[in-house]
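One file, structure-v1.txt, is given below (compact mmCIF, C-alpha atoms (C1' of nucleotides)).
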# COMPACT_ATOMS: atom_id res chain seq x y z
CA MET A 1 15.48 20.23 -31.07
CA ASP A 2 17.63 21.76 -28.38
CA ALA A 3 16.91 18.81 -26.11
CA VAL A 4 18.16 16.45 -28.81
CA PHE A 5 21.45 18.32 -29.26
CA LYS A 6 21.94 18.48 -25.49
CA ALA A 7 21.19 14.78 -25.17
CA LEU A 8 23.70 13.91 -27.89
CA ALA A 9 26.42 16.03 -26.27
CA ASP A 10 27.41 13.34 -23.77
CA PRO A 11 29.48 10.33 -24.88
CA VAL A 12 27.79 8.05 -22.35
CA ARG A 13 24.41 8.85 -23.84
CA ARG A 14 25.66 8.31 -27.38
CA ALA A 15 26.98 4.94 -26.24
CA LEU A 16 23.56 4.11 -24.79
CA LEU A 17 21.95 4.96 -28.12
CA ASP A 18 24.51 2.73 -29.81
CA ALA A 19 23.64 -0.11 -27.49
CA LEU A 20 19.94 0.28 -28.18
CA HIS A 21 20.62 0.56 -31.89
CA THR A 22 22.46 -2.74 -31.73
CA ARG A 23 19.70 -4.40 -29.76
CA GLY A 24 16.41 -2.85 -28.76
CA GLY A 25 14.41 -3.77 -25.68
CA GLN A 26 17.29 -3.84 -23.21
CA THR A 27 16.60 -3.48 -19.52
CA LEU A 28 18.20 -0.89 -17.29
CA GLY A 29 20.41 -3.58 -15.79
CA GLU A 30 21.63 -4.67 -19.20
CA LEU A 31 22.36 -1.10 -20.19
CA CYS A 32 24.44 -0.68 -17.04
CA GLU A 33 26.72 -3.61 -17.82
CA GLY A 34 30.26 -2.60 -18.70
CA ARG A 35 29.78 1.05 -17.78
CA GLU A 36 31.94 2.30 -14.96
CA MET A 37 29.23 4.15 -13.15
CA THR A 38 26.33 3.42 -10.87
CA ARG A 39 22.91 2.35 -12.00
CA GLN A 40 21.53 5.70 -10.91
CA ALA A 41 23.88 7.57 -13.18
CA VAL A 42 22.72 5.48 -16.12
CA THR A 43 19.12 6.09 -15.08
CA LYS A 44 19.71 9.82 -15.27
CA HIS A 45 21.27 9.56 -18.71
CA LEU A 46 18.32 7.51 -19.90
CA ALA A 47 15.96 10.12 -18.48
CA VAL A 48 17.69 12.77 -20.57
CA LEU A 49 17.36 10.58 -23.65
CA GLU A 50 13.68 9.99 -22.89
CA ALA A 51 13.08 13.72 -22.40
CA ALA A 52 14.56 14.29 -25.84
CA ASN A 53 12.31 11.54 -27.17
CA LEU A 54 15.31 9.60 -28.38
CA VAL A 55 14.42 6.62 -26.22
CA ALA A 56 11.11 5.20 -25.09
CA ALA A 57 10.72 2.79 -22.22
CA GLU A 58 8.11 0.25 -21.40
CA LYS A 59 7.64 -1.51 -18.10
CA ARG A 60 7.29 -5.23 -18.13
CA GLY A 61 6.91 -6.65 -14.68
CA ARG A 62 9.74 -5.33 -12.59
CA GLU A 63 11.88 -4.69 -15.64
CA LYS A 64 12.03 -1.63 -17.82
CA LEU A 65 12.67 -2.20 -21.49
CA HIS A 66 14.25 0.54 -23.57
CA TYR A 67 13.86 1.25 -27.26
CA LEU A 68 15.61 3.64 -29.60
CA ASN A 69 13.47 6.18 -31.42
CA PRO A 70 15.28 7.05 -34.63
CA VAL A 71 12.95 9.93 -35.55
CA PRO A 72 14.60 12.84 -33.72
CA ILE A 73 18.02 11.96 -35.15
CA ARG A 74 16.42 11.93 -38.58
CA GLU A 75 14.91 15.34 -37.93
CA VAL A 76 18.22 16.81 -36.83
CA ALA A 77 19.73 15.53 -40.04
CA ASP A 78 16.90 16.85 -42.18
CA ARG A 79 16.23 20.20 -40.61
CA TRP A 80 19.64 21.23 -39.43
CA ILE A 81 22.57 19.38 -40.92
CA HIS A 82 21.26 19.44 -44.45
CA LYS A 83 21.08 23.21 -44.29
CA TYR A 84 24.86 23.17 -44.04
CA GLU A 85 25.17 20.73 -46.88
CA ARG A 86 23.60 23.29 -49.18
CA GLY A 87 26.27 25.83 -49.97
CA ARG A 88 28.81 23.60 -48.33
CA LEU A 89 31.31 23.81 -51.14
CA ALA A 90 31.04 27.59 -51.22
CA ALA A 91 31.62 27.75 -47.47
CA LEU A 92 34.55 25.41 -47.79
CA ALA A 93 36.14 27.53 -50.51
CA ASN A 94 35.57 30.59 -48.38
CA PHE A 95 37.12 28.83 -45.42
CA LYS A 96 40.20 27.65 -47.26
CA HIS A 97 40.66 31.08 -48.72
CA ALA A 98 40.77 32.45 -45.20
CA LEU A 99 43.27 29.85 -44.07
CA GLU A 100 45.61 30.92 -46.82
CA GLY A 101 45.67 34.43 -45.46
CA GLU A 102 43.60 35.92 -48.21
CA THR A 103 41.04 38.54 -47.36
CA ASP A 104 37.90 38.12 -49.28
CA GLY A 105 34.95 40.17 -48.04
CA MET B 106 34.02 14.15 -32.57
CA ASP B 107 33.05 14.69 -28.97
CA ALA B 108 34.15 18.32 -29.18
CA VAL B 109 31.83 18.83 -32.15
CA PHE B 110 28.80 17.39 -30.33
CA LYS B 111 29.59 19.47 -27.27
CA ALA B 112 29.98 22.59 -29.38
CA LEU B 113 26.65 21.99 -31.08
CA ALA B 114 24.87 21.51 -27.78
CA ASP B 115 24.47 25.22 -27.12
CA PRO B 116 21.82 27.25 -28.99
CA VAL B 117 23.98 30.38 -28.96
CA ARG B 118 26.75 28.52 -30.72
CA ARG B 119 24.36 27.04 -33.27
CA ALA B 120 23.11 30.58 -33.92
CA LEU B 121 26.70 31.72 -34.45
CA LEU B 122 27.21 28.95 -36.97
CA ASP B 123 24.02 30.02 -38.68
CA ALA B 124 25.27 33.59 -38.86
CA LEU B 125 28.56 32.48 -40.37
CA HIS B 126 26.75 30.18 -42.76
CA THR B 127 24.69 33.14 -43.95
CA ARG B 128 27.74 35.34 -44.32
CA GLY B 129 31.33 34.32 -43.77
CA GLY B 130 34.09 36.64 -42.65
CA GLN B 131 32.19 38.41 -39.90
CA THR B 132 34.08 40.19 -37.16
CA LEU B 133 33.61 39.56 -33.47
CA GLY B 134 31.72 42.82 -33.18
CA GLU B 135 29.32 41.84 -35.95
CA LEU B 136 28.74 38.45 -34.38
CA CYS B 137 27.87 40.16 -31.10
CA GLU B 138 25.12 42.31 -32.60
CA GLY B 139 21.64 41.32 -31.51
CA ARG B 140 22.81 38.86 -28.89
CA GLU B 141 21.87 39.66 -25.35
CA MET B 142 25.22 38.95 -23.82
CA THR B 143 28.60 40.57 -23.51
CA ARG B 144 31.33 40.45 -26.11
CA GLN B 145 33.36 38.24 -23.80
CA ALA B 146 30.61 35.64 -23.65
CA VAL B 147 30.50 35.52 -27.44
CA THR B 148 34.29 35.25 -27.50
CA LYS B 149 34.08 32.19 -25.29
CA HIS B 150 31.47 30.57 -27.51
CA LEU B 151 33.61 31.23 -30.56
CA ALA B 152 36.58 29.70 -28.76
CA VAL B 153 34.56 26.52 -28.23
CA LEU B 154 33.64 26.48 -31.91
CA GLU B 155 37.27 27.01 -32.88
CA ALA B 156 38.40 24.22 -30.55
CA ALA B 157 35.94 21.92 -32.32
CA ASN B 158 37.34 23.14 -35.63
CA LEU B 159 33.91 24.34 -36.69
CA VAL B 160 35.10 27.91 -37.06
CA ALA B 161 38.42 29.39 -38.11
CA ALA B 162 39.44 32.97 -37.49
CA GLU B 163 41.85 35.24 -39.20
CA LYS B 164 43.17 38.53 -37.92
CA ARG B 165 43.05 41.50 -40.23
CA GLY B 166 44.33 44.64 -38.63
CA ARG B 167 42.53 45.09 -35.38
CA GLU B 168 39.61 42.98 -36.54
CA LYS B 169 39.12 39.25 -36.35
CA LEU B 170 37.27 37.62 -39.20
CA HIS B 171 35.44 34.35 -38.64
CA TYR B 172 34.69 31.61 -41.13
CA LEU B 173 32.56 28.50 -40.94
CA ASN B 174 34.26 25.18 -41.54
CA PRO B 175 31.62 22.80 -42.86
CA VAL B 176 33.82 19.70 -42.66
CA PRO B 177 33.18 18.55 -39.07
CA ILE B 178 29.42 18.81 -39.53
CA ARG B 179 29.80 16.68 -42.63
CA GLU B 180 31.79 14.14 -40.68
CA VAL B 181 29.20 13.93 -37.94
CA ALA B 182 26.58 13.27 -40.59
CA ASP B 183 28.71 10.66 -42.36
CA ARG B 184 30.20 8.78 -39.45
CA TRP B 185 27.49 9.01 -36.88
CA ILE B 186 24.05 9.93 -38.12
CA HIS B 187 24.14 7.71 -41.15
CA LYS B 188 24.75 4.74 -38.91
CA TYR B 189 21.27 5.33 -37.51
CA GLU B 190 19.81 5.71 -40.97
CA ARG B 191 20.82 2.16 -41.71
CA GLY B 192 18.34 -0.06 -39.97
CA ARG B 193 16.26 2.97 -39.18
CA LEU B 194 13.01 1.43 -40.38
CA ALA B 195 13.65 -1.69 -38.35
CA ALA B 196 14.32 0.40 -35.25
CA LEU B 197 11.19 2.41 -35.89
CA ALA B 198 9.07 -0.70 -36.20
CA ASN B 199 10.61 -2.01 -33.01
CA PHE B 200 9.92 1.28 -31.31
CA LYS B 201 6.29 1.50 -32.40
CA HIS B 202 5.78 -2.07 -31.36
CA ALA B 203 6.94 -1.10 -27.88
CA LEU B 204 4.68 1.91 -27.74
CA GLU B 205 1.72 -0.31 -28.43
CA GLY B 206 2.49 -2.35 -25.36
CA GLU B 207 3.72 -5.37 -27.22
CA THR B 208 6.65 -7.27 -25.87
CA ASP B 209 8.96 -8.45 -28.56
CA GLY B 210 12.29 -9.75 -27.28
C1' DT C 211 50.64 62.33 -30.27
C1' DG C 212 46.22 61.38 -28.61
C1' DC C 213 41.95 59.20 -28.71
C1' DA C 214 38.47 56.01 -30.33
C1' DT C 215 37.75 51.34 -31.82
C1' DA C 216 38.38 46.17 -31.84
C1' DG C 217 39.63 42.74 -29.35
C1' DG C 218 42.26 39.82 -25.42
C1' DC C 219 43.03 38.17 -20.63
C1' DA C 220 42.02 36.97 -15.95
C1' DA C 221 39.28 36.64 -11.86
C1' DC C 222 35.02 35.87 -10.21
C1' DC C 223 29.99 34.27 -9.65
C1' DT C 224 26.29 31.12 -10.33
C1' DA C 225 23.79 27.42 -12.03
C1' DA C 226 23.53 23.22 -14.23
C1' DG C 227 25.52 18.45 -15.09
C1' DA C 228 27.40 14.19 -13.87
C1' DG C 229 27.97 11.23 -10.40
C1' DT C 230 27.43 9.28 -5.67
C1' DT C 231 25.15 7.32 -1.37
C1' DG C 232 21.16 5.79 1.07
C1' DC C 233 16.77 4.26 1.36
C1' DA C 234 12.10 2.97 -0.61
C1' DT C 235 9.04 0.41 -3.75
C1' DA C 236 7.47 -3.34 -6.51
C1' DT C 237 7.79 -7.65 -8.74
C1' DT C 238 9.30 -12.65 -8.76
C1' DG C 239 9.69 -17.04 -7.00
C1' DA C 240 10.42 -20.51 -3.38
C1' DT D 241 5.22 -14.86 3.59
C1' DC D 242 10.03 -13.87 2.92
C1' DA D 243 14.09 -12.99 0.40
C1' DA D 244 16.20 -11.73 -3.84
C1' DT D 245 15.95 -8.97 -7.90
C1' DA D 246 14.95 -4.68 -10.63
C1' DT D 247 14.07 -0.24 -10.41
C1' DG D 248 12.72 4.54 -8.36
C1' DC D 249 13.39 8.73 -5.56
C1' DA D 250 15.82 12.30 -3.01
C1' DA D 251 19.67 14.62 -1.08
C1' DC D 252 24.30 15.59 -1.52
C1' DT D 253 29.12 16.60 -3.62
C1' DC D 254 32.10 18.24 -7.17
C1' DT D 255 33.21 20.02 -11.49
C1' DT D 256 32.37 22.55 -15.46
C1' DA D 257 29.94 25.82 -18.44
C1' DG D 258 27.98 30.19 -19.26
C1' DG D 259 28.17 34.68 -18.11
C1' DT D 260 29.90 39.03 -15.93
C1' DT D 261 33.14 42.84 -14.54
C1' DG D 262 37.47 45.12 -14.84
C1' DC D 263 41.47 46.10 -16.99
C1' DC D 264 45.03 45.66 -20.73
C1' DT D 265 46.80 45.59 -25.64
C1' DA D 266 46.83 46.76 -30.42
C1' DT D 267 45.29 49.07 -34.49
C1' DG D 268 43.28 53.06 -37.05
C1' DC D 269 43.04 57.73 -37.75
C1' DA D 270 42.84 62.84 -37.18
Taking this structure as input, can you express it in the form of structure tokens?
Amino acid sequence: MDAVFKALADPVRRALLDALHTRGGQTLGELCEGREMTRQAVTKHLAVLEAANLVAAEKRGREKLHYLNPVPIREVADRWIHKYERGRLAALANFKHALEGETDG
Amino acid sequence: MDAVFKALADPVRRALLDALHTRGGQTLGELCEGREMTRQAVTKHLAVLEAANLVAAEKRGREKLHYLNPVPIREVADRWIHKYERGRLAALANFKHALEGETDG
DNA sequence: TGCATAGGCAACCTAAGAGTTGCATATTGA
DNA sequence: TCAATATGCAACTCTTAGGTTGCCTATGCA
């Protein structure tokens, strides 16, 4: 779970996930297009995404095809974010109360 | 949005959010209890959370009370995660296909 | 007033992250 | 076989993030 949060922390990596969400099976070269960094930098970002199991790659000949794995994002939503949805309104009321300078133990 | 992802990337900060989700209005001292780091380290983490607007603080006397703001987490879910929910099954099929060694441009 | 408590600020250290350069490997195709 | 293409690996730089120590400020209270 920590690896997923860490992987999502970088905007370049989120953009890579976007690209693979738009079209799966892209090669490293394709994923490098339009990014102002070297191929090696992109390779490292993809390695982080693979380590977090957000992306899987498959070699075909001399190319490497990349695919998005939507499962870990789902799990983050289910196991973490939804916890904050429960009791969200109470927290929000609490929060607003505080902003108004009230003290409400 | 980037600030929120960055803030969520650290397990200590997620634990702080958990603590404030369990009970709002905790002081800095309370939030330090049980964590194996100095008060100043916790202060820095809370500053990151405040910068991301995930936490708001209010001074009462010599104490500082902290409150969780559930809104940014909601926004991440709505604007980002849900995008991956749409077309999730298609992506998953694509992904599994790749894992099985199929090539499917 | 005097002291304990709660927290703030700034300098510093260290390690990890993001990116680069340079070179090596492995396909593809003529 | 030879050159071009696609990617991999390793060492290096630079910045930032996480944490510490030391000291200062402000409030509470006897």
- For CA of Gly139 (chain B) and CA of His171 (chain B), determine how far apart the two atoms are, in Å to one decimal place. 17.0 Å
Can you provide chain A as a tab-separated table (two decimals) with C-alpha atoms, keeping the file's coordinate frame, superposed onto chain B by least squares across all C-alpha atoms matched in order?
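Wrote it out as result22.tsv, contents follow:
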chain	number	residue	atom	x	y	z
A	1	MET	CA	34.00	14.20	-32.56
A	2	ASP	CA	33.03	14.73	-28.96
A	3	ALA	CA	34.13	18.35	-29.18
A	4	VAL	CA	31.81	18.84	-32.15
A	5	PHE	CA	28.78	17.42	-30.34
A	6	LYS	CA	29.57	19.51	-27.26
A	7	ALA	CA	29.97	22.61	-29.39
A	8	LEU	CA	26.63	22.02	-31.11
A	9	ALA	CA	24.84	21.52	-27.78
A	10	ASP	CA	24.43	25.24	-27.13
A	11	PRO	CA	21.80	27.26	-29.01
A	12	VAL	CA	23.96	30.39	-28.98
A	13	ARG	CA	26.73	28.53	-30.74
A	14	ARG	CA	24.34	27.06	-33.30
A	15	ALA	CA	23.11	30.59	-33.95
A	16	LEU	CA	26.70	31.74	-34.46
A	17	LEU	CA	27.22	28.96	-37.00
A	18	ASP	CA	24.02	30.07	-38.70
A	19	ALA	CA	25.28	33.61	-38.88
A	20	LEU	CA	28.57	32.51	-40.39
A	21	HIS	CA	26.75	30.22	-42.79
A	22	THR	CA	24.72	33.18	-43.96
A	23	ARG	CA	27.77	35.37	-44.34
A	24	GLY	CA	31.35	34.34	-43.78
A	25	GLY	CA	34.14	36.65	-42.65
A	26	GLN	CA	32.23	38.43	-39.90
A	27	THR	CA	34.12	40.19	-37.15
A	28	LEU	CA	33.63	39.54	-33.46
A	29	GLY	CA	31.75	42.82	-33.16
A	30	GLU	CA	29.37	41.87	-35.94
A	31	LEU	CA	28.76	38.48	-34.39
A	32	CYS	CA	27.88	40.17	-31.11
A	33	GLU	CA	25.16	42.34	-32.63
A	34	GLY	CA	21.66	41.39	-31.55
A	35	ARG	CA	22.81	38.90	-28.92
A	36	GLU	CA	21.84	39.74	-25.38
A	37	MET	CA	25.18	39.00	-23.85
A	38	THR	CA	28.57	40.59	-23.51
A	39	ARG	CA	31.29	40.45	-26.09
A	40	GLN	CA	33.31	38.22	-23.80
A	41	ALA	CA	30.57	35.64	-23.66
A	42	VAL	CA	30.47	35.52	-27.44
A	43	THR	CA	34.26	35.25	-27.49
A	44	LYS	CA	34.05	32.18	-25.30
A	45	HIS	CA	31.43	30.57	-27.52
A	46	LEU	CA	33.59	31.24	-30.56
A	47	ALA	CA	36.55	29.69	-28.77
A	48	VAL	CA	34.54	26.52	-28.24
A	49	LEU	CA	33.60	26.49	-31.92
A	50	GLU	CA	37.24	27.02	-32.90
A	51	ALA	CA	38.37	24.21	-30.58
A	52	ALA	CA	35.92	21.93	-32.35
A	53	ASN	CA	37.30	23.16	-35.66
A	54	LEU	CA	33.88	24.35	-36.70
A	55	VAL	CA	35.09	27.91	-37.09
A	56	ALA	CA	38.41	29.37	-38.14
A	57	ALA	CA	39.45	32.93	-37.50
A	58	GLU	CA	41.89	35.19	-39.20
A	59	LYS	CA	43.21	38.47	-37.89
A	60	ARG	CA	43.12	41.43	-40.16
A	61	GLY	CA	44.45	44.53	-38.52
A	62	ARG	CA	42.62	44.96	-35.26
A	63	GLU	CA	39.69	42.91	-36.48
A	64	LYS	CA	39.17	39.19	-36.31
A	65	LEU	CA	37.31	37.61	-39.18
A	66	HIS	CA	35.45	34.35	-38.65
A	67	TYR	CA	34.69	31.61	-41.13
A	68	LEU	CA	32.54	28.51	-40.94
A	69	ASN	CA	34.24	25.18	-41.55
A	70	PRO	CA	31.58	22.82	-42.86
A	71	VAL	CA	33.79	19.71	-42.66
A	72	PRO	CA	33.15	18.57	-39.08
A	73	ILE	CA	29.38	18.82	-39.53
A	74	ARG	CA	29.76	16.71	-42.65
A	75	GLU	CA	31.76	14.16	-40.70
A	76	VAL	CA	29.18	13.95	-37.94
A	77	ALA	CA	26.57	13.30	-40.59
A	78	ASP	CA	28.67	10.70	-42.37
A	79	ARG	CA	30.18	8.81	-39.48
A	80	TRP	CA	27.48	9.01	-36.89
A	81	ILE	CA	24.04	9.97	-38.11
A	82	HIS	CA	24.12	7.75	-41.15
A	83	LYS	CA	24.76	4.76	-38.92
A	84	TYR	CA	21.29	5.34	-37.52
A	85	GLU	CA	19.80	5.72	-40.95
A	86	ARG	CA	20.81	2.15	-41.72
A	87	GLY	CA	18.32	-0.08	-39.98
A	88	ARG	CA	16.23	2.94	-39.19
A	89	LEU	CA	12.98	1.41	-40.36
A	90	ALA	CA	13.63	-1.73	-38.34
A	91	ALA	CA	14.32	0.36	-35.24
A	92	LEU	CA	11.21	2.38	-35.87
A	93	ALA	CA	9.06	-0.73	-36.17
A	94	ASN	CA	10.63	-2.05	-33.00
A	95	PHE	CA	9.95	1.24	-31.28
A	96	LYS	CA	6.33	1.47	-32.33
A	97	HIS	CA	5.79	-2.11	-31.30
A	98	ALA	CA	6.99	-1.18	-27.84
A	99	LEU	CA	4.73	1.84	-27.67
A	100	GLU	CA	1.75	-0.36	-28.35
A	101	GLY	CA	2.52	-2.42	-25.29
A	102	GLU	CA	3.73	-5.43	-27.18
A	103	THR	CA	6.70	-7.34	-25.87
A	104	ASP	CA	8.97	-8.43	-28.59
A	105	GLY	CA	12.37	-9.69	-27.44
I'd like a table as JSON lines: residues in chain B with an atom no more than 6 Å from chain A, each row giving the shortest atom pair and its distance in Å to one decimal, only C-alpha atoms counted, sorted by chain and rising residue number.
{"residue": "B:Phe110", "atom": "CA", "partner": "A:Ala9", "partner_atom": "CA", "distance": 4.9}
{"residue": "B:Lys111", "atom": "CA", "partner": "A:Ala9", "partner_atom": "CA", "distance": 4.8}
{"residue": "B:Ala114", "atom": "CA", "partner": "A:Lys6", "partner_atom": "CA", "distance": 4.8}
{"residue": "B:Tyr172", "atom": "CA", "partner": "A:Phe95", "partner_atom": "CA", "distance": 5.7}
{"residue": "B:Phe200", "atom": "CA", "partner": "A:Tyr67", "partner_atom": "CA", "distance": 5.7}
- Excluding same-chain residues fewer than 4 positions from DT261 (chain D), what lies within 12 Å of it counting all atoms listed in the file, as number ranges by chain? B: 143-146; C: 220-223
Just write the chosen residues, C-alpha atoms (C1' of nucleotides), as a compact mmCIF listing (two decimals), in the frame of the given file.
# COMPACT_ATOMS: atom_id res chain seq x y z
CA THR B 143 28.60 40.57 -23.51
CA ARG B 144 31.33 40.45 -26.11
CA GLN B 145 33.36 38.24 -23.80
CA ALA B 146 30.61 35.64 -23.65
C1' DA C 220 42.02 36.97 -15.95
C1' DA C 221 39.28 36.64 -11.86
C1' DC C 222 35.02 35.87 -10.21
C1' DC C 223 29.99 34.27 -9.65
- Note on the structure: Using only C-alpha atoms (C1' of nucleotides), the residue out of B:Arg118, B:Arg184, B:Arg167, B:His150 with shortest distance to chain C is B:Arg167
- Query: Using all atoms listed in the file, which residues sit within 12 Å of DC233 (chain C) once same-chain residues fewer than 4 positions away are excluded, as a VMD selection string?
  - Reply: chain D and resid 248 to 251
- Note on the structure: Using only C-alpha atoms (C1' of nucleotides), the shortest atom-to-atom distance to chain D among A:Met37, A:Val42, A:Ala52, A:Val12 belongs to A:Val42
- Would you give me, as a ChimeraX atom specification, the residues of chain D that come within 9 Å of chain B, using all atoms listed in the file? /D:258-260,266-268
Just need the box for region 5-20 of chain A, edges along x, y and z, holding every atom the file lists for it with 6 Å tacked onto each side, so centre and edge lengths in Å to one decimal, as JSON.
{"center_x": 24.7, "center_y": 9.2, "center_z": -26.1, "size_x": 21.5, "size_y": 30.6, "size_z": 19.5}
Under the rule of at most 8 Å, produce a per-residue listing of chain C near chain A: chain, number, name, the closest pair of atoms, and the distance in Å, as a tab-separated table, using all atoms listed in the file.
residue	atom	partner	partner_atom	distance
C:DA228	C1'	A:Ala41	CA	7.5
C:DG229	C1'	A:Ala41	CA	6.2
C:DT230	C1'	A:Thr38	CA	7.9
C:DA236	C1'	A:Arg62	CA	6.8
C:DT237	C1'	A:Arg62	CA	4.9
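Atom pair C1' of DC242 (chain D) / CA of Glu33 (chain A) has a distance of 28.5 Å (rounded to one decimal).
What separates CA of Thr148 (chain B) from CA of Leu121 (chain B) is a distance of 10.9 Å.
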